[in-house]
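Visitor: My structure is stored as input21.txt, with compact mmCIF, C-alpha atoms.
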# COMPACT_ATOMS: atom_id res chain seq x y z
CA MET A 1 -36.76 -3.96 -14.81
CA ARG A 2 -37.12 -4.10 -11.02
CA GLN A 3 -39.03 -6.97 -9.45
CA SER A 4 -42.57 -6.15 -8.34
CA ILE A 5 -43.34 -6.42 -4.64
CA ASP A 6 -46.18 -8.58 -3.30
CA TRP A 7 -47.86 -6.10 -0.99
CA ILE A 8 -50.45 -8.58 0.16
CA GLN A 9 -47.69 -10.89 1.37
CA ILE A 10 -46.06 -7.95 3.17
CA ARG A 11 -49.34 -7.29 4.93
CA ARG A 12 -49.68 -10.95 5.90
CA ASP A 13 -46.13 -11.02 7.25
CA LEU A 14 -46.88 -7.99 9.41
CA HIS A 15 -50.22 -9.43 10.49
CA GLN A 16 -48.44 -12.36 12.12
CA ILE A 17 -46.27 -10.23 14.43
CA PRO A 18 -48.58 -7.81 16.32
CA GLU A 19 -46.91 -6.18 19.30
CA PRO A 20 -48.00 -3.76 22.06
CA GLY A 21 -47.11 -0.08 22.08
CA PHE A 22 -43.41 0.75 22.38
CA LYS A 23 -42.60 -2.96 22.14
CA GLU A 24 -42.82 -3.24 18.34
CA TYR A 25 -39.34 -4.74 18.14
CA LYS A 26 -40.04 -7.42 15.50
CA THR A 27 -42.14 -4.99 13.50
CA GLN A 28 -39.39 -2.38 13.47
CA ALA A 29 -36.82 -5.01 12.49
CA TYR A 30 -39.05 -6.23 9.65
CA LEU A 31 -39.47 -2.69 8.33
CA LEU A 32 -35.74 -1.97 8.57
CA GLU A 33 -34.95 -5.15 6.67
CA PHE A 34 -37.45 -4.17 3.96
CA LEU A 35 -35.99 -0.66 3.66
CA ALA A 36 -32.45 -2.02 3.39
CA GLN A 37 -33.13 -2.91 -0.27
CA TYR A 38 -33.19 0.76 -1.30
CA PRO A 39 -30.16 2.87 -2.22
CA THR A 40 -29.03 5.03 0.69
CA ASN A 41 -28.53 8.05 -1.56
CA ARG A 42 -32.29 8.19 -2.15
CA MET A 43 -33.47 8.13 1.45
CA GLU A 44 -32.49 8.58 5.08
CA VAL A 45 -33.72 6.22 7.80
CA ASN A 46 -33.75 7.19 11.46
CA THR A 47 -35.14 5.22 14.37
CA TRP A 48 -37.09 6.68 17.28
CA ARG A 49 -37.78 4.22 20.08
CA THR A 50 -39.57 1.39 18.20
CA GLY A 51 -40.64 3.65 15.35
CA LEU A 52 -39.02 4.92 12.17
CA LEU A 53 -38.71 8.24 10.36
CA VAL A 54 -37.86 7.77 6.69
CA LYS A 55 -37.04 10.75 4.47
CA VAL A 56 -37.26 10.30 0.71
CA LYS A 57 -35.34 13.07 -0.98
CA GLY A 58 -36.94 15.32 -3.57
CA THR A 59 -35.24 16.63 -6.68
CA ASP A 60 -35.84 20.33 -5.94
CA PRO A 61 -37.57 20.60 -2.54
CA ALA A 62 -39.56 23.63 -1.54
CA LYS A 63 -41.29 21.87 1.34
CA THR A 64 -41.58 18.53 3.15
CA ILE A 65 -44.71 16.41 2.93
CA GLY A 66 -45.44 13.95 5.73
CA TYR A 67 -47.25 10.62 5.68
CA ARG A 68 -47.90 8.79 8.92
CA THR A 69 -48.76 5.18 9.71
CA ASP A 70 -49.24 3.42 13.04
CA MET A 71 -47.51 0.16 14.00
CA ASP A 72 -48.85 -1.52 17.15
CA GLY A 73 -51.34 -4.32 17.66
CA LEU A 74 -54.07 -4.92 20.24
CA PRO A 75 -54.21 -7.20 23.31
CA LEU A 76 -56.76 -9.48 21.67
CA THR A 77 -56.89 -13.20 20.88
CA GLU A 78 -57.45 -13.64 17.14
CA SER A 79 -60.37 -15.65 15.81
CA THR A 80 -60.11 -15.13 12.05
CA SER A 81 -60.06 -17.83 9.37
CA TYR A 82 -56.56 -16.78 8.29
CA ASP A 83 -53.77 -19.28 7.78
CA PHE A 84 -51.46 -16.35 8.52
CA ALA A 85 -52.97 -15.53 11.92
CA SER A 86 -51.04 -13.90 14.73
CA LYS A 87 -48.04 -15.83 16.03
CA HIS A 88 -48.08 -13.78 19.22
CA PRO A 89 -50.67 -15.28 21.61
CA GLY A 90 -53.02 -12.69 23.02
CA PHE A 91 -52.18 -10.03 20.43
CA MET A 92 -53.72 -9.21 17.07
CA HIS A 93 -53.71 -6.56 14.36
CA ALA A 94 -57.44 -5.91 14.77
CA CYS A 95 -57.36 -2.21 13.89
CA GLY A 96 -55.73 -2.41 10.48
CA HIS A 97 -52.24 -1.24 11.37
CA ASP A 98 -50.80 -4.09 9.31
CA LEU A 99 -52.60 -2.67 6.27
CA HIS A 100 -51.61 0.88 7.22
CA MET A 101 -47.91 -0.02 7.32
CA THR A 102 -48.11 -1.93 4.04
CA ILE A 103 -49.75 1.01 2.31
CA ALA A 104 -47.05 3.36 3.65
CA LEU A 105 -44.35 1.03 2.33
CA GLY A 106 -46.06 0.91 -1.06
CA ILE A 107 -46.19 4.69 -1.29
CA LEU A 108 -42.58 4.99 -0.12
CA ASP A 109 -41.44 2.40 -2.68
CA HIS A 110 -43.01 4.39 -5.50
CA PHE A 111 -41.26 7.63 -4.58
CA VAL A 112 -37.86 6.05 -4.05
CA HIS A 113 -37.99 5.03 -7.71
CA HIS A 114 -40.03 8.00 -8.98
CA PRO A 115 -38.89 11.04 -7.01
CA ILE A 116 -40.89 14.25 -7.01
CA GLN A 117 -39.60 17.75 -6.39
CA ASP A 118 -40.50 18.00 -2.70
CA ASP A 119 -39.10 15.92 0.13
CA LEU A 120 -41.29 13.25 1.67
CA VAL A 121 -41.08 11.90 5.21
CA PHE A 122 -42.77 8.65 6.26
CA LEU A 123 -43.51 8.36 9.97
CA PHE A 124 -43.88 4.81 11.28
CA GLN A 125 -45.34 5.66 14.67
CA PRO A 126 -45.53 3.19 17.56
CA ALA A 127 -48.08 2.97 20.38
CA GLU A 128 -51.17 4.45 18.73
CA GLU A 129 -53.41 2.08 20.67
CA GLY A 130 -51.71 3.17 23.87
CA PRO A 131 -50.09 4.78 25.70
CA GLY A 132 -49.77 7.12 22.69
CA GLY A 133 -46.75 7.58 20.45
CA ALA A 134 -47.69 10.68 18.45
CA GLU A 135 -47.17 13.29 21.16
CA PRO A 136 -43.69 12.13 22.25
CA MET A 137 -42.64 11.58 18.63
CA LEU A 138 -43.65 15.17 17.87
CA ALA A 139 -41.44 16.38 20.72
CA SER A 140 -38.41 14.31 19.69
CA ASN A 141 -35.19 15.61 18.13
CA GLU A 142 -35.53 13.00 15.40
CA PHE A 143 -38.89 14.48 14.36
CA ALA A 144 -37.53 18.03 14.49
CA MET A 145 -34.93 17.13 11.87
CA VAL A 146 -37.58 16.02 9.33
CA ARG A 147 -40.61 18.02 10.46
CA PRO A 148 -43.10 18.19 7.56
CA ASP A 149 -45.00 21.25 6.40
CA GLU A 150 -48.15 19.23 5.79
CA ILE A 151 -49.16 15.72 6.86
CA TYR A 152 -51.60 12.98 5.85
CA ALA A 153 -52.85 9.61 7.08
CA LEU A 154 -55.64 7.09 6.62
CA HIS A 155 -57.53 4.54 8.67
CA ILE A 156 -59.36 1.46 7.45
CA ALA A 157 -63.16 1.50 7.69
CA PRO A 158 -64.97 -1.88 7.78
CA GLU A 159 -68.34 -0.37 6.89
CA TYR A 160 -67.32 1.12 3.52
CA PRO A 161 -66.79 -0.86 0.28
CA VAL A 162 -63.36 -1.16 -1.31
CA GLY A 163 -62.87 1.80 -3.63
CA THR A 164 -64.58 4.18 -1.21
CA ILE A 165 -62.97 6.82 0.97
CA ALA A 166 -64.71 9.02 3.53
CA LEU A 167 -63.68 12.20 5.31
CA ARG A 168 -64.83 15.64 6.36
CA SER A 169 -63.40 19.02 7.25
CA GLY A 170 -63.24 19.73 10.96
CA VAL A 171 -63.62 17.12 13.69
CA LEU A 172 -63.38 13.57 12.32
CA PHE A 173 -62.44 11.63 15.47
CA ALA A 174 -63.30 12.47 19.06
CA ASN A 175 -61.35 13.63 22.08
CA THR A 176 -60.76 10.60 24.31
CA CYS A 177 -59.69 9.96 27.88
CA GLU A 178 -59.40 6.80 29.94
CA VAL A 179 -60.87 6.87 33.45
CA ASN A 180 -60.03 4.63 36.44
CA ILE A 181 -62.09 4.67 39.64
CA ASP A 182 -61.21 2.94 42.90
CA LEU A 183 -63.56 2.42 45.84
CA LYS A 184 -62.29 1.31 49.26
CA GLY A 185 -64.54 -0.04 52.03
CA THR A 186 -64.39 -2.72 54.71
CA SER A 187 -64.35 -6.49 54.15
CA GLY A 188 -66.23 -9.03 56.24
CA HIS A 189 -68.18 -12.28 56.39
CA ALA A 190 -71.17 -12.50 54.07
CA ALA A 191 -73.34 -13.53 57.02
CA TYR A 192 -72.62 -10.25 58.84
CA PRO A 193 -73.09 -7.45 56.33
CA HIS A 194 -73.75 -4.91 59.08
CA ARG A 195 -70.13 -5.32 60.24
CA ALA A 196 -68.67 -4.56 56.79
CA ASN A 197 -68.90 -1.93 54.09
CA ASP A 198 -69.87 -3.64 50.84
CA MET A 199 -68.19 -2.27 47.70
CA VAL A 200 -70.28 -4.49 45.41
CA VAL A 201 -73.33 -2.43 46.34
CA ALA A 202 -71.40 0.83 46.17
CA ALA A 203 -69.99 -0.03 42.74
CA ALA A 204 -73.45 -1.00 41.44
CA HIS A 205 -74.86 2.36 42.52
CA LEU A 206 -71.88 4.17 41.06
CA VAL A 207 -72.27 2.54 37.64
CA THR A 208 -75.91 3.60 37.37
CA GLN A 209 -75.18 7.13 38.61
CA LEU A 210 -72.36 7.62 36.11
CA GLN A 211 -74.69 6.73 33.28
CA THR A 212 -76.77 9.85 34.03
CA ILE A 213 -73.91 12.20 33.10
CA ILE A 214 -74.38 12.11 29.35
CA SER A 215 -78.18 12.32 29.49
CA ARG A 216 -78.39 15.02 32.16
CA ASN A 217 -75.16 17.05 32.16
CA VAL A 218 -74.03 17.26 28.54
CA ASP A 219 -75.72 19.67 26.13
CA PRO A 220 -78.01 17.53 23.93
CA ILE A 221 -76.67 19.36 20.87
CA GLU A 222 -73.18 18.14 21.78
CA SER A 223 -72.02 14.52 21.52
CA ALA A 224 -70.28 12.56 24.25
CA VAL A 225 -69.95 8.95 25.41
CA LEU A 226 -69.02 7.43 28.76
CA SER A 227 -68.48 3.67 28.55
CA LEU A 228 -67.39 1.53 31.48
CA GLY A 229 -65.70 -1.53 30.03
CA LYS A 230 -64.28 -3.16 33.14
CA LEU A 231 -65.47 -3.74 36.70
CA HIS A 232 -63.47 -5.78 39.19
CA VAL A 233 -64.91 -6.36 42.64
CA GLY A 234 -64.78 -9.16 45.20
CA THR A 235 -62.82 -12.39 45.66
CA ALA A 236 -65.33 -15.03 46.83
CA GLU A 237 -69.09 -15.53 47.11
CA ASN A 238 -69.07 -15.49 50.92
CA ILE A 239 -66.74 -12.53 51.46
CA ILE A 240 -68.03 -8.97 51.41
CA ALA A 241 -65.80 -7.04 49.04
CA ASP A 242 -63.73 -4.23 50.50
CA SER A 243 -62.67 -2.72 47.19
CA ALA A 244 -63.87 -2.18 43.65
CA ARG A 245 -62.20 -0.85 40.50
CA LEU A 246 -63.99 0.51 37.47
CA GLU A 247 -62.27 1.34 34.20
CA GLY A 248 -63.76 3.10 31.22
CA THR A 249 -63.39 5.65 28.49
CA ILE A 250 -64.80 9.08 27.71
CA ARG A 251 -65.36 10.32 24.16
CA SER A 252 -66.47 13.82 23.17
CA LEU A 253 -66.56 16.08 20.13
CA SER A 254 -65.60 19.17 22.12
CA ILE A 255 -63.16 20.04 24.89
CA ALA A 256 -65.98 21.68 26.87
CA SER A 257 -68.00 18.46 26.93
CA MET A 258 -64.92 16.48 27.95
CA ASP A 259 -64.33 18.87 30.86
CA THR A 260 -67.97 18.58 31.93
CA VAL A 261 -67.92 14.77 31.93
CA LYS A 262 -64.66 14.63 33.89
CA ARG A 263 -65.92 17.12 36.48
CA ARG A 264 -69.17 15.21 36.97
CA ILE A 265 -67.34 11.90 37.34
CA GLN A 266 -65.35 13.43 40.19
CA ASP A 267 -68.52 14.78 41.81
CA ILE A 268 -70.46 11.52 41.56
CA VAL A 269 -67.60 9.34 42.80
CA HIS A 270 -67.21 11.65 45.79
CA GLY A 271 -70.97 11.56 46.43
CA VAL A 272 -71.34 7.77 46.20
CA ALA A 273 -68.24 7.21 48.32
CA THR A 274 -69.61 9.55 51.00
CA ALA A 275 -73.04 7.90 50.90
CA PHE A 276 -71.52 4.46 51.47
CA GLY A 277 -68.86 5.51 53.95
CA ALA A 278 -66.13 4.56 51.50
CA GLU A 279 -63.07 6.17 49.96
CA GLY A 280 -63.29 7.01 46.29
CA THR A 281 -60.50 8.10 43.99
CA VAL A 282 -60.43 8.94 40.29
CA SER A 283 -57.38 8.82 38.03
CA TRP A 284 -57.12 9.60 34.34
CA GLY A 285 -55.32 7.35 31.89
CA SER A 286 -54.06 8.15 28.42
CA SER A 287 -55.98 10.83 26.55
CA TYR A 288 -56.02 11.79 22.87
CA CYS A 289 -57.06 15.08 21.35
CA GLN A 290 -59.56 15.19 18.53
CA VAL A 291 -58.58 14.55 14.92
CA PHE A 292 -59.38 17.88 13.30
CA ASN A 293 -59.01 17.89 9.52
CA HIS A 294 -57.83 21.24 8.21
CA HIS A 295 -60.38 22.82 5.90
CA LYS A 296 -58.12 23.97 3.05
CA GLU A 297 -56.20 20.68 2.75
CA THR A 298 -59.32 18.54 3.10
CA GLU A 299 -61.36 20.45 0.52
CA GLN A 300 -58.45 20.40 -1.92
CA PHE A 301 -58.12 16.62 -1.54
CA LEU A 302 -61.86 16.11 -1.98
CA GLN A 303 -61.93 18.21 -5.14
CA TRP A 304 -58.77 16.63 -6.57
CA THR A 305 -60.00 13.07 -5.92
CA LYS A 306 -63.35 13.67 -7.56
CA GLU A 307 -61.67 15.11 -10.65
CA ALA A 308 -58.55 12.93 -10.95
CA ASN A 309 -59.93 9.61 -9.65
CA PRO A 310 -63.57 9.25 -10.73
CA ARG A 311 -63.43 5.53 -9.90
CA ILE A 312 -62.96 6.39 -6.22
CA GLN A 313 -66.25 6.95 -4.44
CA VAL A 314 -65.78 9.94 -2.12
CA LEU A 315 -68.13 10.36 0.84
CA GLU A 316 -68.31 13.26 3.25
CA CYS A 317 -68.92 11.43 6.51
CA PRO A 318 -70.12 12.44 9.98
CA PRO A 319 -67.66 12.59 12.89
CA ALA A 320 -66.96 9.37 14.80
CA MET A 321 -66.40 8.70 18.50
CA THR A 322 -63.27 6.69 17.77
CA GLY A 323 -59.95 8.02 19.04
CA GLU A 324 -56.67 8.43 17.15
CA ASP A 325 -53.49 10.14 18.31
CA PHE A 326 -52.84 11.43 14.80
CA GLY A 327 -54.80 14.39 16.13
CA TYR A 328 -51.64 15.63 17.85
CA PHE A 329 -49.89 15.94 14.50
CA LEU A 330 -52.85 17.88 13.09
CA LYS A 331 -52.81 20.26 16.07
CA GLU A 332 -49.45 21.53 14.83
CA ILE A 333 -49.30 20.68 11.12
CA PRO A 334 -51.99 21.17 8.44
CA GLY A 335 -53.37 18.04 6.84
CA PHE A 336 -56.08 15.42 7.20
CA LEU A 337 -56.93 11.79 7.88
CA PHE A 338 -59.47 9.81 5.85
CA TRP A 339 -61.35 6.53 6.12
CA LEU A 340 -60.41 3.79 3.63
CA GLY A 341 -63.13 1.27 2.80
CA VAL A 342 -62.17 -2.38 3.44
CA GLN A 343 -65.69 -3.92 3.58
CA THR A 344 -65.83 -6.53 6.31
CA PRO A 345 -68.82 -7.41 8.54
CA TYR A 346 -66.72 -7.16 11.70
CA SER A 347 -65.89 -3.88 13.40
CA LEU A 348 -62.52 -2.46 14.30
CA HIS A 349 -61.05 -4.18 17.39
CA HIS A 350 -63.12 -7.32 16.72
CA PRO A 351 -61.15 -10.61 16.91
CA SER A 352 -62.69 -11.83 13.64
CA ILE A 353 -62.07 -8.76 11.47
CA GLU A 354 -60.76 -9.64 7.99
CA PRO A 355 -60.26 -6.47 5.91
CA ASN A 356 -60.47 -6.83 2.14
CA GLU A 357 -56.85 -6.75 0.96
CA GLU A 358 -57.80 -5.21 -2.38
CA ALA A 359 -57.96 -1.90 -0.52
CA ILE A 360 -54.15 -1.91 -0.22
CA SER A 361 -53.54 -1.21 -3.90
CA VAL A 362 -56.42 1.28 -3.96
CA ALA A 363 -54.76 3.33 -1.23
CA ILE A 364 -51.24 3.05 -2.64
CA ASN A 365 -52.38 4.24 -6.06
CA LEU A 366 -54.52 7.05 -4.66
CA MET A 367 -51.86 8.46 -2.35
CA THR A 368 -48.95 8.16 -4.78
CA GLN A 369 -50.97 10.20 -7.25
CA TYR A 370 -52.04 12.76 -4.67
CA LEU A 371 -48.60 13.21 -3.12
CA THR A 372 -47.19 13.60 -6.63
CA PHE A 373 -49.73 16.37 -7.19
CA ARG A 374 -48.88 17.99 -3.85
CA GLY A 375 -45.13 17.67 -4.29
CA THR A 376 -44.73 18.94 -7.87
CA HIS A 377 -44.45 22.67 -8.45
CA SER A 378 -43.43 24.88 -11.33
As structure tokens, how would this structure be written, given the file I've shared?
Guide:
Amino acid sequence: MRQSIDWIQIRRDLHQIPEPGFKEYKTQAYLLEFLAQYPTNRMEVNTWRTGLLVKVKGTDPAKTIGYRTDMDGLPLTESTSYDFASKHPGFMHACGHDLHMTIALGILDHFVHHPIQDDLVFLFQPAEEGPGGAEPMLASNEFAMVRPDEIYALHIAPEYPVGTIALRSGVLFANTCEVNIDLKGTSGHAAYPHRANDMVVAAAHLVTQLQTIISRNVDPIESAVLSLGKLHVGTAENIIADSARLEGTIRSLSIASMDTVKRRIQDIVHGVATAFGAEGTVSWGSSYCQVFNHHKETEQFLQWTKEANPRIQVLECPPAMTGEDFGYFLKEIPGFLFWLGVQTPYSLHHPSIEPNEEAISVAINLMTQYLTFRGTHS
């Protein structure tokens, strides 16, 4: 009899080594060491940058089923009560990727020992939090060799109880785009404002003007968000600032709304810069497409879960303004992503978030059963 694996300890090990996107070196090494326990005739392991693509061979494959997990942490100082807190100062697994990886390993472990007919490929994808690992992984030769015919993923949800999952057909997560705005004026002494061109004042006007875009330029039936999370301006209390930088994010549930918001940002920056005799430039950072759950696959999963797992509470949820680069996989491959309840009072990306670890076994059991159903044919 093979020794059982302590999945909670695996999660806690991973929680202690959060790393930024495309720098998940310790995480990749940990995963490779874990996978080394399995017989090589049952699976193939390939690396891609700091990620992994693991194929578990089926007994009589007619297709390949994909399961994706993300790997990276966030630039955040942890403030949990854990005695297994992050060992990497300034970084934390505050979005559940430590749980996501553990669940993927648990599903993989099951199918190494209990193969189904179809092939399975497990994608351990780096850089979900940024700059985005899904799109380049999709374009890689390594992915082409194991490209699945259908693909699935999950994301933890603090607001739902353990034993609950939530999803919907169509748009689940929003389109996202980072925006960076730079203003350039003229510095001077605080006592002589008429000899300078103050970017504190210009930036203040710009912030308030940008906040009119959603309320006055986006169709009220649509949904969009423009949040400015960072403003840097000035160096000292008695020096008039000659530059300002604003950084933020756009979220929308349609491409048309995203295009409208981006166009209006350009217009308003140009207008404010002209009004204050400044130079204004706009640049776009990383952007993610929407997570669009395919109707057929989503409805089949909903129906199957309700019939085969009556203990699981299944909710059909509204779309969320969160971003996830799993959407790039779903642009090309049918499948879905669902929310997994982990019941914690703190939100995703909060330094005190402590997901309920009981959700790990819930997800492993659910997805091993479902992938068995999907991968067994007469």
Visitor: Grab the CA of Asp198 in chain A to CA of Asn180 in chain A distance for me, in Å with one decimal place.
Guide: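 Separating CA of Asp198 in chain A from CA of Asn180 in chain A is a distance of 19.3 Å.
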Visitor: Mind giving me the straight-line distance from CA of His205 in chain A to CA of Glu279 in chain A in Å, one decimal?
Guide: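 One can read the CA of His205 in chain A to CA of Glu279 in chain A distance as 14.5 Å.
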Visitor: Taking all atoms listed in the file into account, name the residue in A:Gln303, A:Gln16, A:Thr176, A:Thr376 that is nearest to Met321 in chain A.
Guide: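 Answer, going by the shortest atom-to-atom distance: A:Thr176.
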Visitor: May I ask which of the residues A:Ile165, A:Ile213, A:Ile250, A:Tyr288 is the closest one to Trp339 in chain A, counting all atoms listed in the file?
Guide: A:Ile165
Visitor: Give me, please, the distance in Å between CA of Pro158 in chain A and CA of Ala359 in chain A, quoted to one decimal.
Guide: 10.9 Å
Visitor: Using all atoms listed in the file, which of the listed residues (A:Lys87, A:His155, A:Lys262, A:His194) sits closest to Ile103 in chain A?
Guide: A:His155
Visitor: So which residues touch Tyr67 in chain A within 6 Å, counting all atoms listed in the file, skipping near sequence neighbours fewer than 6 positions away, as a PyMOL selection string?
Guide: chain A and resi 122+151-153
Visitor: Find the residues of range 195-294 of chain A that sit at most 12 Å from range 182-187 of chain A; for each, write down the nearest two atoms and how far apart they are in Å, to one decimal. Count all atoms listed in the file. Sort by chain, then by number going up, and give it as CSV.
Guide:
residue,atom,partner,partner_atom,distance
A:Arg195,CA,A:Thr186,CA,8.4
A:Ala196,CA,A:Thr186,CA,5.1
A:Asn197,CA,A:Thr186,CA,4.6
A:Asp198,CA,A:Gly185,CA,6.5
A:Met199,CA,A:Gly185,CA,6.1
A:Val200,CA,A:Leu183,CA,9.6
A:Val201,CA,A:Gly185,CA,10.7
A:Ala202,CA,A:Leu183,CA,8.0
A:Ala203,CA,A:Leu183,CA,7.5
A:Ala204,CA,A:Leu183,CA,11.4
A:His205,CA,A:Leu183,CA,11.8
A:Leu206,CA,A:Leu183,CA,9.8
A:Val207,CA,A:Leu183,CA,12.0
A:Lys230,CA,A:Asp182,CA,11.9
A:Leu231,CA,A:Asp182,CA,10.1
A:His232,CA,A:Asp182,CA,9.7
A:Val233,CA,A:Leu183,CA,9.4
A:Gly234,CA,A:Ser187,CA,9.3
A:Thr235,CA,A:Ser187,CA,10.5
A:Ala236,CA,A:Ser187,CA,11.3
A:Asn238,CA,A:Ser187,CA,10.7
A:Ile239,CA,A:Ser187,CA,7.0
A:Ile240,CA,A:Ser187,CA,5.2
A:Ala241,CA,A:Ser187,CA,5.3
A:Asp242,CA,A:Ser187,CA,4.3
A:Ser243,CA,A:Lys184,CA,4.5
A:Ala244,CA,A:Leu183,CA,5.1
A:Arg245,CA,A:Asp182,CA,4.6
A:Leu246,CA,A:Asp182,CA,6.6
A:Glu247,CA,A:Asp182,CA,8.9
A:Gly248,CA,A:Asp182,CA,12.0
A:Gln266,CA,A:Asp182,CA,11.6
A:Val269,CA,A:Leu183,CA,8.6
A:His270,CA,A:Leu183,CA,9.9
A:Gly271,CA,A:Leu183,CA,11.8
A:Val272,CA,A:Leu183,CA,9.4
A:Ala273,CA,A:Leu183,CA,7.1
A:Thr274,CA,A:Leu183,CA,10.7
A:Ala275,CA,A:Gly185,CA,11.7
A:Phe276,CA,A:Gly185,CA,8.3
A:Gly277,CA,A:Gly185,CA,7.3
A:Ala278,CA,A:Gly185,CA,4.9
A:Glu279,CA,A:Lys184,CA,5.0
A:Gly280,CA,A:Leu183,CA,4.6
A:Thr281,CA,A:Asp182,CA,5.3
A:Val282,CA,A:Asp182,CA,6.6
A:Ser283,CA,A:Asp182,CA,8.5
A:Trp284,CA,A:Asp182,CA,11.6
Visitor: Write out as a ChimeraX atom specification each polymer residue whose atoms come within 6 Å of range 124-138 of chain A, counting all atoms listed in the file; drop sequence neighbours fewer than 3 positions from it.
Guide: /A:21-22,51-52,69-72,143,286,325
Visitor: Emit the selected residues as a PDB file, in the coordinates of the input, including C-alpha atoms.
Guide:
ATOM      1  CA  GLY A  21     -47.110  -0.080  22.080  1.00  0.00           C
ATOM      2  CA  PHE A  22     -43.410   0.750  22.380  1.00  0.00           C
ATOM      3  CA  GLY A  51     -40.640   3.650  15.350  1.00  0.00           C
ATOM      4  CA  LEU A  52     -39.020   4.920  12.170  1.00  0.00           C
ATOM      5  CA  THR A  69     -48.760   5.180   9.710  1.00  0.00           C
ATOM      6  CA  ASP A  70     -49.240   3.420  13.040  1.00  0.00           C
ATOM      7  CA  MET A  71     -47.510   0.160  14.000  1.00  0.00           C
ATOM      8  CA  ASP A  72     -48.850  -1.520  17.150  1.00  0.00           C
ATOM      9  CA  PHE A 143     -38.890  14.480  14.360  1.00  0.00           C
ATOM     10  CA  SER A 286     -54.060   8.150  28.420  1.00  0.00           C
ATOM     11  CA  ASP A 325     -53.490  10.140  18.310  1.00  0.00           C
TER      12      ASP A 325
END
Visitor: For Val342 in chain A, list every protein, DNA or RNA residue within 6 Å, evaluated using only C-alpha atoms, and leave out those in the same chain fewer than 2 positions away; present the list as a list in words.
Guide: Ala157, Pro158, Pro161, Val162, Pro355, Asn356 and Ala359 of chain A
Visitor: Mind writing the picked residues with C-alpha atoms as a compact mmCIF listing (two decimals), keeping the file's coordinate frame?
Guide:
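Produced file selection.txt, reproduced below:
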# COMPACT_ATOMS: atom_id res chain seq x y z
CA ALA A 157 -63.16 1.50 7.69
CA PRO A 158 -64.97 -1.88 7.78
CA PRO A 161 -66.79 -0.86 0.28
CA VAL A 162 -63.36 -1.16 -1.31
CA PRO A 355 -60.26 -6.47 5.91
CA ASN A 356 -60.47 -6.83 2.14
CA ALA A 359 -57.96 -1.90 -0.52
Visitor: Closest to Pro310 in chain A among A:Phe84, A:Gly163, A:His113, A:Ser361, using only C-alpha atoms?
Guide: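 Comparing A:Phe84, A:Gly163, A:His113, A:Ser361 against Pro310 in chain A, the winner is A:Gly163.
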Visitor: Just checking: using all atoms listed in the file, which residue out of A:Leu105, A:Ile214, A:Ala363, A:Ala94 ends up closest to Leu32 in chain A?
Guide: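 When distances to Leu32 in chain A are compared using all atoms listed in the file, the smallest one comes from A:Leu105.
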Visitor: Which residue gives the smallest distance to Ser352 in chain A among A:Ala256, A:Ala85, A:Ile265, A:Ala191, with all atoms listed in the file counted?
Guide: A:Ala85
